[in-house]
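J.: Before anything else, here's the structure in question.
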Amino acid sequence: MIGIAGAGAFGTALAVSLARDGRPVTLWARNAEAAAAMQASRENPRLPKVTLPEPLMATGDIAALLACDTILLATPAQTLRGFLSDHADAFDGKYLVACCKGIDLGTLTGPAASISAVAPKAIPAILTGPSFADDIARGLPTGLTLACADADAGKMLQQWLSTSNLRLYTTTDVIGAELGGALKNVVAIGCGVAIGAGLGDSARAALLTRGFAEMQRIADHLGADPTTLTGLSGLGDLALTCTSNLSRNYRFGLALGAGEAFDTGTTVEGAATARAVTKLAQDLGLDLPVTAIVAKLAHGEIDPQTALQSLLARPLKEE
């Protein structure tokens, strides 16, 4: 049995894709009333016009989720560790697949490290890559990276979680996969700011490219395989989120650049990740100027024009 913790758009989309292929799926929502409404109506308001297949059971009963052997963790990166801690004893021997993309502000580590620290007897994995919930839920073809340090466990999860529209590619490079998914959100905010502030497509392309260089720099320093960042979980996800209005991080950047308000109820993983990675880079002695500027922009410590001037004033150098 497959369980999914988190009934937001992405968690629900994964559940729909799996259940559409006839697999029983337990979709757990923190709000029991919302879960009951989904179960009765066979709809999730966050995914309009998508019918929940019959093998999908929406529930607010945590026991039903914890009874599953494989659990996909579709919770925000900053709340993942707390959720794991609340139920740590129930995860022994289970496959825990993090579907969030971020770096924890408290520990400066990714989701896999949180799983290993809190539930050391579980098998941790990461599911990441270029994907929008609406595309997955509508059955559109999507390629994702499944990262698991245990190669055999990764191959089993690949078989269990691949569907008619989800094609999963395995890797044992967990660090590279989770860094690619987390850091691309930071770059997407910067690209959104460039467009929102009217700086143009050329500025966005420059930010995307230099941001990607920073992603490679920190991944290499932390021992990731450099080729991982050129795959789906790195470059693929970066290209998608830096160019589409469907990306929450990109839309957040657009609003920042244009000086407009943004929906405070929308999770923007890149804002917290930018701050976490900036702190991590300082501890490691790494120079990540784009990440540092995005961290300041995201928290209102600098305006777009000042940010631009700061980047342009940096010493000239070879690429």
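We name chains A, B, ... following the order of the structure tokens; residues begin at 1 in each chain, and ligands are numbered from 1 as shown.
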Just the residues within 12 Å of Glu260 in chain A, please, counting only C-alpha atoms, with nothing from its chain fewer than 3 positions along; format it as number ranges by chain.
T.: A: 193, 196-197, 251-257, 263
J.: Would you save the residues from that selection as an mmCIF file, in the first residue's frame, using all heavy atoms?
T.:
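Listed below is the output, part21.cif:
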data_model
loop_
_atom_site.group_PDB
_atom_site.id
_atom_site.type_symbol
_atom_site.label_atom_id
_atom_site.label_comp_id
_atom_site.auth_asym_id
_atom_site.auth_seq_id
_atom_site.Cartn_x
_atom_site.Cartn_y
_atom_site.Cartn_z
ATOM 1 N N VAL A 193 12.145 37.932 -10.402
ATOM 2 C CA VAL A 193 12.420 39.334 -10.069
ATOM 3 C C VAL A 193 12.893 40.082 -11.309
ATOM 4 O O VAL A 193 12.467 41.218 -11.568
ATOM 5 C CB VAL A 193 13.475 39.432 -8.945
ATOM 6 C CG1 VAL A 193 13.938 40.877 -8.773
ATOM 7 C CG2 VAL A 193 12.910 38.907 -7.627
ATOM 8 N N GLY A 196 9.848 40.636 -13.501
ATOM 9 C CA GLY A 196 8.895 41.512 -12.827
ATOM 10 C C GLY A 196 9.373 42.945 -12.757
ATOM 11 O O GLY A 196 8.569 43.886 -12.826
ATOM 12 N N ALA A 197 10.675 43.131 -12.645
ATOM 13 C CA ALA A 197 11.243 44.483 -12.568
ATOM 14 C C ALA A 197 11.498 45.084 -13.944
ATOM 15 O O ALA A 197 12.008 46.209 -14.032
ATOM 16 C CB ALA A 197 12.549 44.444 -11.770
ATOM 17 N N ARG A 251 6.604 33.019 -9.695
ATOM 18 C CA ARG A 251 5.552 34.029 -9.509
ATOM 19 C C ARG A 251 5.853 34.924 -8.313
ATOM 20 O O ARG A 251 5.567 36.117 -8.337
ATOM 21 C CB ARG A 251 4.187 33.362 -9.323
ATOM 22 C CG ARG A 251 3.639 32.673 -10.557
ATOM 23 C CD ARG A 251 2.118 32.484 -10.474
ATOM 24 N NE ARG A 251 1.675 31.966 -9.201
ATOM 25 C CZ ARG A 251 1.604 30.679 -8.890
ATOM 26 N NH1 ARG A 251 1.994 29.777 -9.785
ATOM 27 N NH2 ARG A 251 1.160 30.282 -7.718
ATOM 28 N N PHE A 252 6.415 34.340 -7.268
ATOM 29 C CA PHE A 252 6.816 35.126 -6.106
ATOM 30 C C PHE A 252 7.857 36.163 -6.512
ATOM 31 O O PHE A 252 7.781 37.338 -6.120
ATOM 32 C CB PHE A 252 7.370 34.193 -5.026
ATOM 33 C CG PHE A 252 7.912 34.889 -3.809
ATOM 34 C CD1 PHE A 252 7.073 35.619 -2.981
ATOM 35 C CD2 PHE A 252 9.257 34.798 -3.483
ATOM 36 C CE1 PHE A 252 7.574 36.260 -1.839
ATOM 37 C CE2 PHE A 252 9.768 35.422 -2.356
ATOM 38 C CZ PHE A 252 8.921 36.160 -1.536
ATOM 39 N N GLY A 253 8.822 35.736 -7.320
ATOM 40 C CA GLY A 253 9.834 36.670 -7.816
ATOM 41 C C GLY A 253 9.224 37.750 -8.693
ATOM 42 O O GLY A 253 9.616 38.924 -8.601
ATOM 43 N N LEU A 254 8.284 37.381 -9.539
ATOM 44 C CA LEU A 254 7.592 38.369 -10.378
ATOM 45 C C LEU A 254 6.956 39.458 -9.518
ATOM 46 O O LEU A 254 7.070 40.655 -9.820
ATOM 47 C CB LEU A 254 6.506 37.694 -11.223
ATOM 48 C CG LEU A 254 6.930 36.906 -12.460
ATOM 49 C CD1 LEU A 254 5.719 36.196 -13.064
ATOM 50 C CD2 LEU A 254 7.567 37.819 -13.501
ATOM 51 N N ALA A 255 6.272 39.021 -8.453
ATOM 52 C CA ALA A 255 5.615 39.976 -7.560
ATOM 53 C C ALA A 255 6.647 40.871 -6.875
ATOM 54 O O ALA A 255 6.453 42.093 -6.760
ATOM 55 C CB ALA A 255 4.777 39.232 -6.524
ATOM 56 N N LEU A 256 7.754 40.296 -6.426
ATOM 57 C CA LEU A 256 8.808 41.092 -5.792
ATOM 58 C C LEU A 256 9.350 42.139 -6.760
ATOM 59 O O LEU A 256 9.508 43.313 -6.413
ATOM 60 C CB LEU A 256 9.954 40.184 -5.345
ATOM 61 C CG LEU A 256 9.778 39.356 -4.077
ATOM 62 C CD1 LEU A 256 10.997 38.475 -3.861
ATOM 63 C CD2 LEU A 256 9.562 40.261 -2.872
ATOM 64 N N GLY A 257 9.619 41.700 -7.990
ATOM 65 C CA GLY A 257 10.189 42.605 -8.981
ATOM 66 C C GLY A 257 9.254 43.740 -9.345
ATOM 67 O O GLY A 257 9.688 44.864 -9.603
ATOM 68 N N ASP A 263 0.383 36.190 -2.479
ATOM 69 C CA ASP A 263 -0.472 35.415 -1.590
ATOM 70 C C ASP A 263 0.355 34.808 -0.456
ATOM 71 O O ASP A 263 1.181 33.917 -0.683
ATOM 72 C CB ASP A 263 -1.168 34.303 -2.380
ATOM 73 C CG ASP A 263 -2.105 33.464 -1.507
ATOM 74 O OD1 ASP A 263 -2.326 33.839 -0.335
ATOM 75 O OD2 ASP A 263 -2.612 32.436 -2.005
#
J.: For the structure I just gave you, how does DSSP split range 80-242 of chain A - specifically, which residues are strand (DSSP E)? Reply as a list of chain:residue names.
T.: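 Matching residues for strand (DSSP E) in range 80-242 of chain A are A:Tyr95, A:Leu96, A:Val97, A:Ala98, A:Ile123, A:Pro124, A:Ala125, A:Ile126, A:Leu127, A:Thr128, A:Thr142, A:Gly143, A:Leu144, A:Thr145, A:Leu146, A:Ala147, A:Leu166, A:Arg167, A:Leu168, A:Tyr169, A:Thr170, A:Thr171.
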J.: May I have all residues of range 119-292 of chain A that DSSP, computed from the backbone, assigns to helix (DSSP H, G or I), given as a VMD selection string?
T.: chain A and resid 133 to 137 151 to 161 174 to 196 201 to 221 228 to 230 232 to 241 248 to 258 269 to 284 289 to 292
J.: Env of range 156-169 of chain A: 6 Å cut, atoms = only C-alpha atoms, seq-sep filter 2 positions within chain, self excluded. Answer as an MDAnalysis selection string.
T.: chainID A and resid 139:146 153:154
J.: Could you please take those selected residues and save C-alpha atoms as an mmCIF file, in the first residue's frame?
T.:
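Done, and the output landed in again.cif:
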data_model
loop_
_atom_site.group_PDB
_atom_site.id
_atom_site.type_symbol
_atom_site.label_atom_id
_atom_site.label_comp_id
_atom_site.auth_asym_id
_atom_site.auth_seq_id
_atom_site.Cartn_x
_atom_site.Cartn_y
_atom_site.Cartn_z
ATOM 1 C CA GLY A 139 -1.996 12.529 -17.137
ATOM 2 C CA LEU A 140 0.584 14.501 -19.117
ATOM 3 C CA PRO A 141 4.005 12.825 -19.554
ATOM 4 C CA THR A 142 6.477 13.771 -16.807
ATOM 5 C CA GLY A 143 10.036 12.615 -16.131
ATOM 6 C CA LEU A 144 11.319 12.569 -12.553
ATOM 7 C CA THR A 145 14.437 11.556 -10.662
ATOM 8 C CA LEU A 146 14.167 8.984 -7.880
ATOM 9 C CA ALA A 153 15.679 -0.180 -2.919
ATOM 10 C CA GLY A 154 15.717 2.561 -5.543
#
J.: Between A:Leu183, A:Ala122, A:Val174, A:Leu229, which has the minimum distance to Ala147 in chain A (counting only C-alpha atoms)?
T.: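 For Ala147 in chain A, the nearest of the given residues is A:Val174.
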J.: Can you list, as JSON, numbers by chain, every protein, DNA or RNA residue that comes within 12 Å of Leu297 in chain A when you count only C-alpha atoms, leaving out same-chain residues fewer than 4 positions away?
T.: {"A": [186, 187, 189, 190, 191, 192, 193, 194, 252, 253, 254, 255, 256, 257, 259, 270, 271, 272, 274, 275, 290, 291, 292, 293, 301, 302, 303, 304, 305, 306, 307, 308]}
J.: Taking N, CA, C and O atoms for each residue, export the selection above as a tab-separated table (two decimals), in the first residue's frame.
T.:
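Dumped to selection_16.tsv:
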chain	number	residue	atom	x	y	z
A	186	VAL	N	15.52	28.78	-5.67
A	186	VAL	CA	16.18	30.06	-5.37
A	186	VAL	C	16.42	30.84	-6.66
A	186	VAL	O	16.12	32.03	-6.76
A	187	VAL	N	16.95	30.14	-7.65
A	187	VAL	CA	17.23	30.79	-8.94
A	187	VAL	C	15.93	31.25	-9.60
A	187	VAL	O	15.87	32.31	-10.23
A	189	ILE	N	13.25	32.36	-8.18
A	189	ILE	CA	12.84	33.63	-7.59
A	189	ILE	C	13.61	34.77	-8.24
A	189	ILE	O	13.04	35.80	-8.63
A	190	GLY	N	14.93	34.60	-8.39
A	190	GLY	CA	15.74	35.64	-9.01
A	190	GLY	C	15.32	35.93	-10.44
A	190	GLY	O	15.25	37.10	-10.86
A	191	CYS	N	15.00	34.89	-11.20
A	191	CYS	CA	14.55	35.08	-12.58
A	191	CYS	C	13.20	35.80	-12.62
A	191	CYS	O	12.96	36.64	-13.49
A	192	GLY	N	12.33	35.46	-11.68
A	192	GLY	CA	11.05	36.14	-11.61
A	192	GLY	C	11.21	37.61	-11.30
A	192	GLY	O	10.54	38.47	-11.88
A	193	VAL	N	12.15	37.93	-10.40
A	193	VAL	CA	12.42	39.33	-10.07
A	193	VAL	C	12.89	40.08	-11.31
A	193	VAL	O	12.47	41.22	-11.57
A	194	ALA	N	13.76	39.47	-12.09
A	194	ALA	CA	14.29	40.12	-13.29
A	194	ALA	C	13.18	40.49	-14.26
A	194	ALA	O	13.14	41.60	-14.78
A	252	PHE	N	6.42	34.34	-7.27
A	252	PHE	CA	6.82	35.13	-6.11
A	252	PHE	C	7.86	36.16	-6.51
A	252	PHE	O	7.78	37.34	-6.12
A	253	GLY	N	8.82	35.74	-7.32
A	253	GLY	CA	9.83	36.67	-7.82
A	253	GLY	C	9.22	37.75	-8.69
A	253	GLY	O	9.62	38.92	-8.60
A	254	LEU	N	8.28	37.38	-9.54
A	254	LEU	CA	7.59	38.37	-10.38
A	254	LEU	C	6.96	39.46	-9.52
A	254	LEU	O	7.07	40.65	-9.82
A	255	ALA	N	6.27	39.02	-8.45
A	255	ALA	CA	5.62	39.98	-7.56
A	255	ALA	C	6.65	40.87	-6.88
A	255	ALA	O	6.45	42.09	-6.76
A	256	LEU	N	7.75	40.30	-6.43
A	256	LEU	CA	8.81	41.09	-5.79
A	256	LEU	C	9.35	42.14	-6.76
A	256	LEU	O	9.51	43.31	-6.41
A	257	GLY	N	9.62	41.70	-7.99
A	257	GLY	CA	10.19	42.61	-8.98
A	257	GLY	C	9.25	43.74	-9.35
A	257	GLY	O	9.69	44.86	-9.60
A	259	GLY	N	6.94	44.92	-7.35
A	259	GLY	CA	6.49	45.64	-6.16
A	259	GLY	C	5.06	45.34	-5.80
A	259	GLY	O	4.36	46.19	-5.22
A	270	GLY	N	11.63	28.37	-2.05
A	270	GLY	CA	12.90	29.02	-2.36
A	270	GLY	C	13.27	30.14	-1.42
A	270	GLY	O	14.47	30.45	-1.25
A	271	ALA	N	12.30	30.78	-0.78
A	271	ALA	CA	12.59	31.90	0.12
A	271	ALA	C	13.37	31.43	1.34
A	271	ALA	O	14.40	32.00	1.70
A	272	ALA	N	12.88	30.37	1.98
A	272	ALA	CA	13.60	29.83	3.14
A	272	ALA	C	14.90	29.16	2.72
A	272	ALA	O	15.92	29.27	3.40
A	274	ALA	N	16.85	29.93	0.23
A	274	ALA	CA	17.87	30.94	-0.07
A	274	ALA	C	18.60	31.36	1.20
A	274	ALA	O	19.83	31.49	1.22
A	275	ARG	N	17.84	31.55	2.26
A	275	ARG	CA	18.46	31.95	3.52
A	275	ARG	C	19.31	30.81	4.11
A	275	ARG	O	20.42	31.03	4.60
A	290	VAL	N	24.39	35.18	-6.29
A	290	VAL	CA	22.99	35.17	-6.71
A	290	VAL	C	22.11	34.69	-5.56
A	290	VAL	O	21.07	35.28	-5.25
A	291	THR	N	22.53	33.62	-4.91
A	291	THR	CA	21.76	33.08	-3.78
A	291	THR	C	21.65	34.10	-2.65
A	291	THR	O	20.57	34.28	-2.06
A	292	ALA	N	22.75	34.78	-2.34
A	292	ALA	CA	22.74	35.76	-1.27
A	292	ALA	C	21.80	36.93	-1.58
A	292	ALA	O	21.07	37.41	-0.70
A	293	ILE	N	21.82	37.37	-2.85
A	293	ILE	CA	20.94	38.48	-3.24
A	293	ILE	C	19.47	38.05	-3.17
A	293	ILE	O	18.61	38.81	-2.71
A	301	GLU	N	14.98	42.78	2.42
A	301	GLU	CA	16.15	43.49	2.92
A	301	GLU	C	16.83	44.33	1.84
A	301	GLU	O	17.77	45.09	2.14
A	302	ILE	N	16.36	44.22	0.60
A	302	ILE	CA	16.97	44.94	-0.52
A	302	ILE	C	15.92	45.05	-1.63
A	302	ILE	O	15.03	44.21	-1.73
A	303	ASP	N	15.99	46.09	-2.45
A	303	ASP	CA	15.05	46.23	-3.56
A	303	ASP	C	15.72	45.76	-4.85
A	303	ASP	O	16.95	45.64	-4.93
A	304	PRO	N	14.93	45.47	-5.89
A	304	PRO	CA	15.49	44.91	-7.13
A	304	PRO	C	16.58	45.77	-7.77
A	304	PRO	O	17.58	45.23	-8.26
A	305	GLN	N	16.42	47.09	-7.79
A	305	GLN	CA	17.42	47.94	-8.43
A	305	GLN	C	18.75	47.90	-7.67
A	305	GLN	O	19.83	47.85	-8.27
A	306	THR	N	18.66	47.92	-6.34
A	306	THR	CA	19.88	47.82	-5.53
A	306	THR	C	20.54	46.46	-5.73
A	306	THR	O	21.77	46.36	-5.79
A	307	ALA	N	19.71	45.42	-5.84
A	307	ALA	CA	20.24	44.07	-6.07
A	307	ALA	C	20.98	44.01	-7.40
A	307	ALA	O	22.08	43.45	-7.49
A	308	LEU	N	20.38	44.62	-8.43
A	308	LEU	CA	21.02	44.64	-9.75
A	308	LEU	C	22.36	45.37	-9.69
A	308	LEU	O	23.38	44.88	-10.21
J.: For Ala112 in chain A, which of A:Ala224, A:Ile71, A:Ala177, A:Ile62 is the closest residue, counting only C-alpha atoms?
T.: A:Ala177
J.: Which of these, A:Leu238, A:Ala32, A:Cys100, A:Ala151, has the shortest distance to Gly180 in chain A once you count only C-alpha atoms?
T.: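 The closest residue to Gly180 in chain A is A:Leu238.
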J.: Please determine, counting only C-alpha atoms, which residue among A:Arg23, A:Arg210, A:Lys101, A:Lys155 has the shortest atom-to-atom distance to Pro55 in chain A.
T.: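 Counting only C-alpha atoms, the residue closest to Pro55 in chain A is A:Arg23.
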